[in-house]
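**Student:** Following this line is protein_27.cif, made up of mmCIF, C-alpha atoms:
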data_my_file
#
loop_
_atom_site.label_atom_id
_atom_site.label_comp_id
_atom_site.auth_asym_id
_atom_site.auth_seq_id
_atom_site.Cartn_x
_atom_site.Cartn_y
_atom_site.Cartn_z
CA MET A 1 19.04 18.39 -5.02
CA ILE A 2 15.69 16.59 -4.65
CA GLU A 3 13.75 17.87 -1.64
CA ILE A 4 11.37 15.28 -0.20
CA GLY A 5 8.76 14.97 2.51
CA LEU A 6 8.34 11.54 4.08
CA LEU A 7 5.20 10.62 6.02
CA GLY A 8 5.48 7.27 7.77
CA SER A 9 9.23 7.49 8.28
CA THR A 10 9.48 4.93 11.09
CA GLY A 11 7.68 2.09 9.31
CA SER A 12 9.04 -0.59 6.99
CA VAL A 13 8.78 1.44 3.77
CA GLY A 14 9.81 4.67 5.47
CA THR A 15 13.03 3.23 6.84
CA GLN A 16 13.89 1.85 3.39
CA VAL A 17 13.29 5.30 1.89
CA LEU A 18 15.82 6.69 4.35
CA ASP A 19 18.27 3.94 3.35
CA ILE A 20 18.10 5.34 -0.19
CA VAL A 21 18.61 8.87 1.16
CA ARG A 22 21.72 7.85 3.12
CA LYS A 23 23.32 6.52 -0.05
CA ASN A 24 22.41 9.67 -1.99
CA LYS A 25 23.02 12.52 0.47
CA ASP A 26 24.41 14.63 -2.32
CA LYS A 27 21.19 14.22 -4.29
CA ILE A 28 18.33 14.05 -1.74
CA LYS A 29 17.41 16.33 1.16
CA VAL A 30 14.71 15.33 3.66
CA LYS A 31 12.67 18.43 4.51
CA LEU A 32 9.77 16.70 6.27
CA LEU A 33 9.50 13.62 8.48
CA GLY A 34 6.20 12.27 9.77
CA ALA A 35 5.26 9.43 12.11
CA SER A 36 2.44 8.29 14.35
CA LYS A 37 4.16 9.17 17.62
CA PRO A 38 7.41 10.65 19.01
CA SER A 39 9.32 7.37 19.30
CA GLU A 40 13.05 6.94 19.86
CA LYS A 41 13.31 5.91 16.22
CA LEU A 42 11.76 9.18 15.06
CA LEU A 43 13.98 11.21 17.38
CA SER A 44 17.02 9.46 15.94
CA GLN A 45 15.84 10.22 12.40
CA ILE A 46 15.31 13.89 13.24
CA LYS A 47 18.84 14.16 14.61
CA GLU A 48 20.30 12.42 11.58
CA PHE A 49 18.39 14.16 8.78
CA ASN A 50 17.62 17.53 10.40
CA PRO A 51 14.28 18.12 8.61
CA ARG A 52 12.71 21.58 8.48
CA TYR A 53 9.32 20.10 9.46
CA VAL A 54 8.11 17.19 11.57
CA TYR A 55 4.57 15.83 11.81
CA ILE A 56 3.24 13.43 14.45
CA GLU A 57 -0.32 12.13 14.73
CA SER A 58 -0.36 12.40 18.51
CA GLY A 59 1.86 13.07 21.51
CA GLU A 60 4.31 15.81 22.34
CA LEU A 61 7.61 16.62 20.71
CA LEU A 62 9.91 19.46 21.63
CA ASN A 63 10.98 21.63 18.73
CA PHE A 64 14.47 20.87 17.53
CA LYS A 65 16.69 23.66 16.29
CA ASN A 66 15.44 24.86 12.90
CA THR A 67 12.60 22.29 12.97
CA LYS A 68 8.90 23.11 13.22
CA VAL A 69 6.61 20.45 14.70
CA PHE A 70 2.98 19.86 13.72
CA VAL A 71 0.74 17.60 15.81
CA GLY A 72 -2.57 15.92 14.94
CA GLU A 73 -4.65 15.48 11.80
CA ASN A 74 -6.14 18.95 12.17
CA SER A 75 -2.70 20.42 11.47
CA LEU A 76 -2.20 18.58 8.16
CA ASP A 77 -3.16 21.60 6.08
CA PHE A 78 0.43 22.79 6.52
CA LEU A 79 1.25 20.36 3.69
CA ARG A 80 -0.51 22.66 1.22
CA ASP A 81 2.12 25.34 1.70
CA LEU A 82 5.20 23.13 1.38
CA ASP A 83 6.99 23.46 -1.92
CA LEU A 84 8.89 20.18 -2.19
CA ASP A 85 9.88 18.09 -5.19
CA LEU A 86 8.22 14.94 -3.89
CA PHE A 87 6.01 13.80 -1.02
CA ILE A 88 6.32 10.13 -0.07
CA ILE A 89 3.37 8.48 1.68
CA ALA A 90 4.65 5.47 3.60
CA ILE A 91 1.83 5.50 6.15
CA ALA A 92 -0.02 2.21 6.67
CA GLY A 93 -3.81 1.99 6.61
CA VAL A 94 -6.60 4.54 6.39
CA LYS A 95 -4.52 7.14 8.25
CA GLY A 96 -2.91 7.80 4.89
CA ILE A 97 -6.16 9.04 3.35
CA LYS A 98 -6.27 12.61 4.65
CA PRO A 99 -2.65 13.59 3.87
CA THR A 100 -2.94 11.99 0.44
CA TYR A 101 -6.14 13.92 -0.24
CA ILE A 102 -4.58 17.23 0.84
CA LEU A 103 -1.49 16.66 -1.30
CA LEU A 104 -3.48 15.65 -4.39
CA GLU A 105 -5.85 18.60 -3.98
CA SER A 106 -2.79 20.84 -3.78
CA ASN A 107 -1.41 19.33 -7.01
CA LYS A 108 1.70 18.03 -5.28
CA LYS A 109 3.82 15.26 -6.76
CA VAL A 110 3.23 12.15 -4.65
CA ALA A 111 4.94 8.77 -4.41
CA THR A 112 2.81 6.39 -2.39
CA ALA A 113 2.92 2.96 -0.83
CA ASN A 114 -0.48 3.58 0.78
CA LYS A 115 -3.03 1.72 -1.32
CA GLU A 116 -5.88 2.42 1.13
CA ALA A 117 -5.93 6.10 0.17
CA ILE A 118 -6.29 5.38 -3.54
CA ILE A 119 -8.93 2.71 -2.93
CA CYS A 120 -11.06 4.86 -0.62
CA LEU A 121 -10.67 8.18 -2.43
CA GLY A 122 -11.63 6.34 -5.60
CA GLU A 123 -13.64 8.50 -7.95
CA LEU A 124 -13.22 11.60 -5.76
CA GLU A 125 -9.65 12.18 -6.90
CA LYS A 126 -9.49 10.22 -10.16
CA ASP A 127 -8.38 13.28 -12.12
CA LYS A 128 -5.44 13.76 -9.73
CA TYR A 129 -3.88 10.29 -9.90
CA LYS A 130 -1.67 11.44 -12.75
CA ASN A 131 0.40 13.15 -10.03
CA ILE A 132 1.14 9.81 -8.34
CA ILE A 133 4.15 7.55 -8.77
CA PRO A 134 3.42 4.15 -7.19
CA ILE A 135 5.88 2.53 -4.80
CA ASP A 136 4.23 -0.89 -4.43
CA SER A 137 6.37 -3.28 -6.45
CA GLU A 138 3.48 -4.49 -8.61
CA HIS A 139 2.19 -1.04 -9.51
CA SER A 140 5.70 0.27 -9.98
CA ALA A 141 6.26 -2.61 -12.40
CA ILE A 142 3.21 -1.67 -14.48
CA PHE A 143 4.10 2.03 -14.24
CA GLN A 144 7.61 1.36 -15.51
CA ILE A 145 6.30 -0.68 -18.44
CA ILE A 146 3.51 1.67 -19.48
CA ASP A 147 5.33 4.87 -18.48
CA ARG A 148 2.22 7.02 -18.90
CA LYS A 149 1.72 5.97 -22.51
CA PRO A 150 -1.80 5.44 -23.94
CA LEU A 151 -3.34 2.05 -23.21
CA ASP A 152 -5.02 1.56 -26.60
CA ASP A 153 -2.83 -1.42 -27.49
CA VAL A 154 -2.89 -3.03 -24.02
CA ARG A 155 -4.91 -6.25 -23.81
CA ARG A 156 -4.47 -6.69 -20.06
CA ILE A 157 -2.17 -6.08 -17.11
CA ILE A 158 -1.13 -8.93 -14.85
CA LEU A 159 -0.33 -8.46 -11.17
CA THR A 160 1.69 -11.19 -9.51
CA ALA A 161 1.29 -12.46 -5.95
CA SER A 162 3.72 -14.63 -4.03
CA GLY A 163 0.83 -16.50 -2.44
CA GLY A 164 2.02 -15.56 1.03
CA PRO A 165 3.10 -17.90 3.84
CA PHE A 166 0.08 -20.18 3.50
CA LEU A 167 0.15 -20.87 -0.22
CA ASN A 168 0.69 -24.61 0.29
CA LEU A 169 -1.13 -24.98 3.60
CA PRO A 170 -4.50 -26.81 3.45
CA LEU A 171 -7.56 -24.67 4.16
CA LYS A 172 -8.49 -26.67 7.27
CA GLU A 173 -5.11 -25.85 8.85
CA LEU A 174 -5.60 -22.09 8.51
CA GLU A 175 -7.92 -22.15 11.52
CA ASN A 176 -5.06 -22.41 13.99
CA VAL A 177 -2.15 -20.59 12.36
CA THR A 178 -0.22 -18.32 14.72
CA ILE A 179 0.53 -14.64 14.34
CA ASP A 180 4.23 -15.43 13.91
CA GLN A 181 3.42 -17.82 11.07
CA THR A 182 1.25 -15.19 9.43
CA LEU A 183 3.93 -12.52 9.60
CA ASN A 184 6.61 -14.82 8.19
CA HIS A 185 6.34 -13.76 4.56
CA PRO A 186 8.43 -15.98 2.27
CA ARG A 187 9.76 -13.21 0.02
CA TRP A 188 9.23 -9.68 1.33
CA SER A 189 10.11 -7.82 4.51
CA MET A 190 7.03 -5.75 5.30
CA GLY A 191 5.02 -4.18 8.10
CA LYS A 192 2.61 -6.27 10.16
CA LYS A 193 -0.63 -5.05 8.56
CA ILE A 194 0.42 -5.69 4.97
CA SER A 195 1.97 -9.02 5.98
CA VAL A 196 -1.40 -10.22 7.27
CA ASP A 197 -3.14 -8.84 4.18
CA SER A 198 -0.67 -10.76 2.03
CA ALA A 199 -1.42 -13.94 3.96
CA THR A 200 -5.17 -13.60 3.30
CA LEU A 201 -4.50 -12.39 -0.28
CA ILE A 202 -6.86 -9.44 0.26
CA ASN A 203 -3.79 -7.31 -0.40
CA LYS A 204 -3.79 -8.45 -4.01
CA GLY A 205 -7.46 -7.53 -4.26
CA PHE A 206 -6.60 -4.08 -2.92
CA GLU A 207 -3.92 -3.83 -5.59
CA VAL A 208 -6.41 -4.67 -8.34
CA ILE A 209 -8.62 -1.78 -7.22
CA GLU A 210 -5.60 0.51 -6.94
CA ALA A 211 -4.43 -0.45 -10.43
CA HIS A 212 -7.89 0.29 -11.81
CA TYR A 213 -7.64 3.88 -10.57
CA LEU A 214 -3.94 4.53 -11.08
CA PHE A 215 -3.88 3.34 -14.68
CA ASN A 216 -7.51 4.06 -15.58
CA ILE A 217 -7.93 0.50 -16.81
CA PRO A 218 -11.15 -1.54 -16.55
CA TYR A 219 -11.29 -4.46 -14.13
CA GLU A 220 -11.85 -6.84 -17.03
CA LYS A 221 -8.30 -6.07 -18.17
CA ILE A 222 -6.63 -6.76 -14.81
CA ASP A 223 -5.59 -10.32 -13.94
CA VAL A 224 -3.88 -11.85 -10.91
CA VAL A 225 -1.53 -14.84 -10.97
CA ILE A 226 0.32 -16.54 -8.14
CA HIS A 227 4.06 -16.38 -8.73
CA PRO A 228 5.82 -17.89 -5.69
CA GLU A 229 9.33 -16.79 -6.66
CA SER A 230 8.38 -13.06 -6.68
CA ILE A 231 10.84 -12.35 -9.47
CA ILE A 232 8.30 -10.98 -11.94
CA HIS A 233 6.38 -8.14 -10.27
CA GLY A 234 3.98 -7.22 -13.04
CA MET A 235 3.32 -7.82 -16.71
CA VAL A 236 1.60 -6.02 -19.56
CA GLU A 237 0.17 -8.06 -22.41
CA TYR A 238 -0.41 -6.23 -25.68
CA ILE A 239 -3.00 -6.93 -28.37
CA ASP A 240 -0.40 -8.55 -30.63
CA GLY A 241 0.40 -11.19 -28.00
CA THR A 242 3.62 -9.59 -26.76
CA VAL A 243 4.09 -9.67 -22.98
CA VAL A 244 6.48 -7.24 -21.28
CA ALA A 245 7.49 -8.24 -17.75
CA ASN A 246 9.21 -6.26 -15.00
CA MET A 247 11.71 -8.49 -13.19
CA SER A 248 14.08 -8.07 -10.26
CA ASN A 249 14.97 -9.68 -6.99
CA PRO A 250 12.33 -8.82 -4.37
CA ASP A 251 13.72 -5.58 -2.90
CA MET A 252 11.46 -2.62 -2.07
CA ARG A 253 14.37 -0.22 -2.46
CA ILE A 254 14.17 -0.68 -6.23
CA PRO A 255 10.66 0.80 -6.69
CA ILE A 256 11.37 3.36 -3.96
CA SER A 257 14.49 4.58 -5.75
CA TYR A 258 12.66 4.68 -9.08
CA ALA A 259 9.87 6.79 -7.56
CA ILE A 260 12.34 9.28 -6.09
CA PHE A 261 14.55 9.67 -9.15
CA TYR A 262 11.92 9.13 -11.88
CA PRO A 263 12.45 9.06 -14.81
CA GLU A 264 16.11 8.28 -14.04
CA ARG A 265 17.52 5.17 -12.39
CA LYS A 266 20.25 5.06 -9.77
CA TYR A 267 22.58 2.36 -8.48
CA ILE A 268 21.29 0.76 -5.27
CA ASN A 269 23.46 -2.29 -4.57
CA ASN A 270 24.68 -5.42 -6.30
CA ASN A 271 21.38 -7.25 -5.88
CA TYR A 272 21.17 -8.19 -9.54
CA LEU A 273 19.36 -11.18 -10.99
CA ASP A 274 21.51 -14.18 -11.84
CA PHE A 275 19.47 -15.89 -14.53
CA THR A 276 21.68 -18.98 -14.42
CA LYS A 277 20.42 -19.62 -10.89
CA LEU A 278 16.74 -19.24 -11.76
CA LYS A 279 15.75 -22.88 -12.10
CA SER A 280 12.09 -22.12 -12.76
CA LEU A 281 9.42 -19.44 -12.66
CA ASN A 282 6.01 -20.78 -11.66
CA PHE A 283 2.57 -19.30 -12.23
CA LEU A 284 -0.63 -20.55 -10.61
CA THR A 285 -4.30 -19.62 -10.59
CA PRO A 286 -5.36 -18.15 -7.21
CA ASP A 287 -7.30 -20.52 -4.94
CA TYR A 288 -10.42 -18.45 -4.32
CA LYS A 289 -11.87 -21.07 -1.97
CA LYS A 290 -8.88 -20.86 0.37
CA PHE A 291 -8.45 -17.11 -0.15
CA PRO A 292 -11.99 -15.77 -0.70
CA LEU A 293 -11.11 -12.19 0.26
CA LEU A 294 -9.24 -11.77 -3.02
CA LYS A 295 -12.46 -12.30 -4.95
CA VAL A 296 -14.50 -10.27 -2.44
CA ALA A 297 -12.09 -7.34 -2.86
CA ILE A 298 -12.27 -7.40 -6.65
CA GLU A 299 -16.07 -7.54 -6.54
CA CYS A 300 -16.11 -4.56 -4.14
CA GLY A 301 -13.97 -2.65 -6.60
CA LYS A 302 -16.38 -3.39 -9.43
CA LYS A 303 -19.38 -2.29 -7.35
CA ALA A 304 -17.56 0.96 -6.47
CA GLY A 305 -19.44 3.48 -4.31
CA VAL A 306 -18.90 2.78 -0.62
CA TYR A 307 -17.85 -0.84 -1.10
CA PRO A 308 -14.07 -0.35 -1.46
CA THR A 309 -14.03 1.82 1.67
CA ALA A 310 -16.14 -0.66 3.64
CA LEU A 311 -13.77 -3.42 2.57
CA THR A 312 -10.70 -1.43 3.59
CA MET A 313 -11.97 -0.43 7.02
CA ALA A 314 -13.48 -3.82 7.87
CA ASP A 315 -10.17 -5.46 7.03
CA GLU A 316 -8.18 -2.94 9.05
CA VAL A 317 -10.34 -3.58 12.11
CA ALA A 318 -10.16 -7.35 11.70
CA VAL A 319 -6.40 -7.40 11.15
CA ASN A 320 -5.79 -5.20 14.19
CA LEU A 321 -7.88 -7.56 16.33
CA TYR A 322 -5.98 -10.53 14.95
CA LEU A 323 -2.61 -8.93 15.71
CA GLN A 324 -3.84 -8.29 19.26
CA GLY A 325 -4.62 -12.00 19.60
CA LYS A 326 -8.36 -11.39 20.00
CA ILE A 327 -9.54 -13.36 16.95
CA LYS A 328 -8.29 -16.24 14.82
CA PHE A 329 -6.94 -15.98 11.30
CA LEU A 330 -10.12 -17.21 9.58
CA ASP A 331 -12.18 -14.77 11.65
CA ILE A 332 -10.67 -12.05 9.47
CA TYR A 333 -12.51 -13.60 6.52
CA LYS A 334 -15.77 -13.83 8.46
CA ILE A 335 -15.73 -10.26 9.75
CA VAL A 336 -14.88 -8.70 6.39
CA ILE A 337 -17.46 -10.74 4.48
CA GLU A 338 -20.21 -10.08 7.04
CA VAL A 339 -19.57 -6.34 6.94
CA ILE A 340 -19.57 -6.28 3.13
CA GLU A 341 -22.79 -8.30 2.92
CA SER A 342 -24.56 -5.79 5.18
CA VAL A 343 -23.47 -2.68 3.28
CA LYS A 344 -25.95 -0.73 1.19
CA ASN A 345 -24.22 0.97 -1.68
CA ASP A 346 -24.16 4.72 -2.03
CA LYS A 347 -22.00 7.36 -3.63
CA ILE A 348 -19.31 9.20 -1.68
CA ASN A 349 -19.47 12.84 -2.71
CA SER A 350 -16.85 14.50 -0.52
CA ILE A 351 -13.90 13.87 1.76
CA GLN A 352 -16.23 14.59 4.69
CA ASP A 353 -18.61 11.84 3.53
CA LEU A 354 -15.67 9.47 3.23
CA LEU A 355 -14.23 10.14 6.68
CA GLU A 356 -17.66 9.85 8.32
CA PHE A 357 -18.34 6.56 6.54
CA ILE A 358 -14.97 5.21 7.67
CA LYS A 359 -15.89 5.93 11.30
CA TYR A 360 -19.24 4.20 10.81
CA VAL A 361 -17.67 1.08 9.29
CA GLU A 362 -15.06 0.97 12.05
CA LYS A 363 -17.74 0.93 14.75
CA TYR A 364 -19.88 -1.57 12.86
CA SER A 365 -16.92 -3.88 12.22
CA LEU A 366 -16.02 -3.87 15.91
CA LEU A 367 -19.64 -4.74 16.70
CA ILE A 368 -19.58 -7.65 14.25
CA ALA A 369 -16.25 -8.82 15.65
CA GLU A 370 -17.69 -9.25 19.14
CA LYS A 371 -19.20 -12.59 18.13
CA TYR A 372 -15.76 -13.94 17.24
CA GLY A 373 -12.87 -14.73 19.53
CA SER A 374 -9.70 -16.75 19.87
CA SER A 375 -10.95 -18.95 22.69
#
Could you render the structure from this file as structure tokens?

**Tutor:**
Amino acid sequence: MIEIGLLGSTGSVGTQVLDIVRKNKDKIKVKLLGASKPSEKLLSQIKEFNPRYVYIESGELLNFKNTKVFVGENSLDFLRDLDLDLFIIAIAGVKGIKPTYILLESNKKVATANKEAIICLGELEKDKYKNIIPIDSEHSAIFQIIDRKPLDDVRRIILTASGGPFLNLPLKELENVTIDQTLNHPRWSMGKKISVDSATLINKGFEVIEAHYLFNIPYEKIDVVIHPESIIHGMVEYIDGTVVANMSNPDMRIPISYAIFYPERKYINNNYLDFTKLKSLNFLTPDYKKFPLLKVAIECGKKAGVYPTALTMADEVAVNLYLQGKIKFLDIYKIVIEVIESVKNDKINSIQDLLEFIKYVEKYSLLIAEKYGSS
């Protein structure tokens, strides 16, 4: 029996994790559920899975029978004492940083869909990333191909991007796109934050930084290509010219299942590729003029220091404002770029430094955002 802890259980990835659990009740036991607040969805999950522990960021939750409840970030140290087979981080945004840090420092085995934690922790935890199994489809693809083998014969890794909902929309028309248009991803069913990030392509820049740390590979050996069909999720090219690609229909349950059962594979459903119906697989160079945040993100990764964290927090602030209808789509670009251009690089030496810098960037980004608006 695999005992897991799931933080972010009510979100898009978290609910798909629980779909896997339902189909494997004889193999997986949920010992911990975590969410931002005590919603009806969380209460339903607690009743169904009967976890030993529950964590919520804020609010009040009555103790269920045989369930202990922890509330607030200050209580997260309880994770250090949990002896589980796997902790799954399905939290969106920078809120995933502190639990990820605690788990890595405690040498726990972690499966994560939270790229912000890896990006912001950066060099602080680089020796601990060996304990991570990635859930993002692109990083899972590379992980499955490399499978922790030495990278001496790897020429480059290639991350694919669908191009998002605005791949074929002219730049001038991005000014007035609606929130509904932005969230209408052509291939994947995802949460709102990552859907917006996919529309701006900054998400792929985040993934480049994450790949750099997870696989300890230089930026010069990481490429991005637009692949609208989202059938190939990642590729590894070797020095002899051989390219190994990871292919499947776009279904997050595949990398989730692989992370839980690694190194084994389990049946999920009949969602198999029918190669006779694949008329073509297309690959395009990213349009950096239309999607400048992809290039900005990669440059922030190369600069290291505080830049990846500034990028992450500025984007989180801008995306939240956009989802609230307070700014336009292209204002996300403007806010992120203005924040990055004003940052003075420095080294982050501790988790305390990191959390304080995140608060600073949040306030500064909100200040910058005041000059923009949807009117």

**Student:** Dump as an MDAnalysis selection string all residues having an atom at most 10 Å from (-4.5, -11.6, 1.7), computed in the file's coordinates with all atoms listed in the file.

**Tutor:** chainID A and resid 161 163:164 166 194:206 291:294 297 315 332:333

**Student:** Which residues match the PyMOL selection byres ((chain A and resi 344-347) around 12) in the file above, as a ChimeraX atom specification?

**Tutor:** /A:120-124,300-310,339-343,348-351,353-354,357,361

**Student:** Please write the residues from the selection above to a file, keeping C-alpha atoms, as a PDB file, keeping the file's coordinate frame.

**Tutor:**
ATOM      1  CA  CYS A 120     -11.060   4.860  -0.620  1.00  0.00           C
ATOM      2  CA  LEU A 121     -10.670   8.180  -2.430  1.00  0.00           C
ATOM      3  CA  GLY A 122     -11.630   6.340  -5.600  1.00  0.00           C
ATOM      4  CA  GLU A 123     -13.640   8.500  -7.950  1.00  0.00           C
ATOM      5  CA  LEU A 124     -13.220  11.600  -5.760  1.00  0.00           C
ATOM      6  CA  CYS A 300     -16.110  -4.560  -4.140  1.00  0.00           C
ATOM      7  CA  GLY A 301     -13.970  -2.650  -6.600  1.00  0.00           C
ATOM      8  CA  LYS A 302     -16.380  -3.390  -9.430  1.00  0.00           C
ATOM      9  CA  LYS A 303     -19.380  -2.290  -7.350  1.00  0.00           C
ATOM     10  CA  ALA A 304     -17.560   0.960  -6.470  1.00  0.00           C
ATOM     11  CA  GLY A 305     -19.440   3.480  -4.310  1.00  0.00           C
ATOM     12  CA  VAL A 306     -18.900   2.780  -0.620  1.00  0.00           C
ATOM     13  CA  TYR A 307     -17.850  -0.840  -1.100  1.00  0.00           C
ATOM     14  CA  PRO A 308     -14.070  -0.350  -1.460  1.00  0.00           C
ATOM     15  CA  THR A 309     -14.030   1.820   1.670  1.00  0.00           C
ATOM     16  CA  ALA A 310     -16.140  -0.660   3.640  1.00  0.00           C
ATOM     17  CA  VAL A 339     -19.570  -6.340   6.940  1.00  0.00           C
ATOM     18  CA  ILE A 340     -19.570  -6.280   3.130  1.00  0.00           C
ATOM     19  CA  GLU A 341     -22.790  -8.300   2.920  1.00  0.00           C
ATOM     20  CA  SER A 342     -24.560  -5.790   5.180  1.00  0.00           C
ATOM     21  CA  VAL A 343     -23.470  -2.680   3.280  1.00  0.00           C
ATOM     22  CA  ILE A 348     -19.310   9.200  -1.680  1.00  0.00           C
ATOM     23  CA  ASN A 349     -19.470  12.840  -2.710  1.00  0.00           C
ATOM     24  CA  SER A 350     -16.850  14.500  -0.520  1.00  0.00           C
ATOM     25  CA  ILE A 351     -13.900  13.870   1.760  1.00  0.00           C
ATOM     26  CA  ASP A 353     -18.610  11.840   3.530  1.00  0.00           C
ATOM     27  CA  LEU A 354     -15.670   9.470   3.230  1.00  0.00           C
ATOM     28  CA  PHE A 357     -18.340   6.560   6.540  1.00  0.00           C
ATOM     29  CA  VAL A 361     -17.670   1.080   9.290  1.00  0.00           C
TER      30      VAL A 361
END

**Student:** Take the point (1.9, 16.6, 18.9) in the file's coordinates, draw a sphere of radius 7 Å around it, and report as a list of chain:residue names every protein, DNA or RNA residue with an atom inside or on it, counting only C-alpha atoms.

**Tutor:**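 Output of the proximity query reads A:Ile56, A:Glu57, A:Ser58, A:Gly59, A:Glu60, A:Leu61, A:Phe70, A:Val71, A:Gly72.
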
**Student:** Could you check how far atom CA of A:Ile254 sits from atom CA of A:Arg52, in Å to one decimal?

**Tutor:**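 Answer for the atom CA of A:Ile254 to atom CA of A:Arg52 separation: 26.7 Å.
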
**Student:** Evaluate the PyMOL selection byres ((chain A and resi 13) around 10) against this structure - the residues, as a ChimeraX atom specification, please.

**Tutor:** /A:8-12,14-19,88-92,112-114,135-136,189-191,252-253,256

**Student:** Could you tell me how far atom CA of A:Glu125 sits from atom CA of A:Lys363, in Å to one decimal place?

**Tutor:**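 Interatomic distance, atom CA of A:Lys363 to atom CA of A:Glu125: 25.7 Å.
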
**Student:** Nearest to A:Leu42: which of A:Leu6, A:Val236, A:Ile158, A:Leu284 is it, counting only C-alpha atoms?

**Tutor:**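 The shortest atom-to-atom distance to A:Leu42 comes from A:Leu6.
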
**Student:** Could you tell me how far atom CA of A:Ala318 lies from atom CA of A:Pro228, in Å and to one decimal?

**Tutor:** 25.9 Å

**Student:** Kindly indicate which residue among A:Ser280, A:Asn24, A:Ser75, A:Ser248 lies nearest to A:Phe261, using all atoms listed in the file for the distances.

**Tutor:**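 When distances to A:Phe261 are compared using all atoms listed in the file, the smallest one comes from A:Asn24.
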
**Student:** From the set A:Pro186, A:Val296, A:Gly5, A:Tyr360, which residue has the shortest atom-to-atom contact distance to A:Val336, counting all atoms listed in the file?

**Tutor:**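 Among the listed residues, the smallest separation from A:Val336 belongs to A:Val296.
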
**Student:** For the structure shown, which residues end up in the PyMOL selection byres ((chain A and resi 243) around 12)? Put them as a list in words, please?

**Tutor:**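 Taken over the shown coordinates, the PyMOL selection byres ((chain A and resi 243) around 12) returns Ile142, Ile145, Ile146, Asp153, Val154, Arg155, Arg156, Ile157, Ile158, Ile232, Gly234, Met235, Val236, Glu237, Tyr238, Ile239, Asp240, Gly241, Thr242, Val244, Ala245 and Asn246 of chain A.
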
**Student:** Which residue gives the smallest distance to A:Asp251 among A:Asn131, A:Gln45, A:Ser137, A:Gln144, with only C-alpha atoms counted?

**Tutor:** A:Ser137

**Student:** Any idea what's packed within 8 Å of A:Ile179, counting only C-alpha atoms, ignoring anything in its chain fewer than 3 positions away? Could you give it as number ranges by chain?

**Tutor:** A: 182-183, 322-323, 325
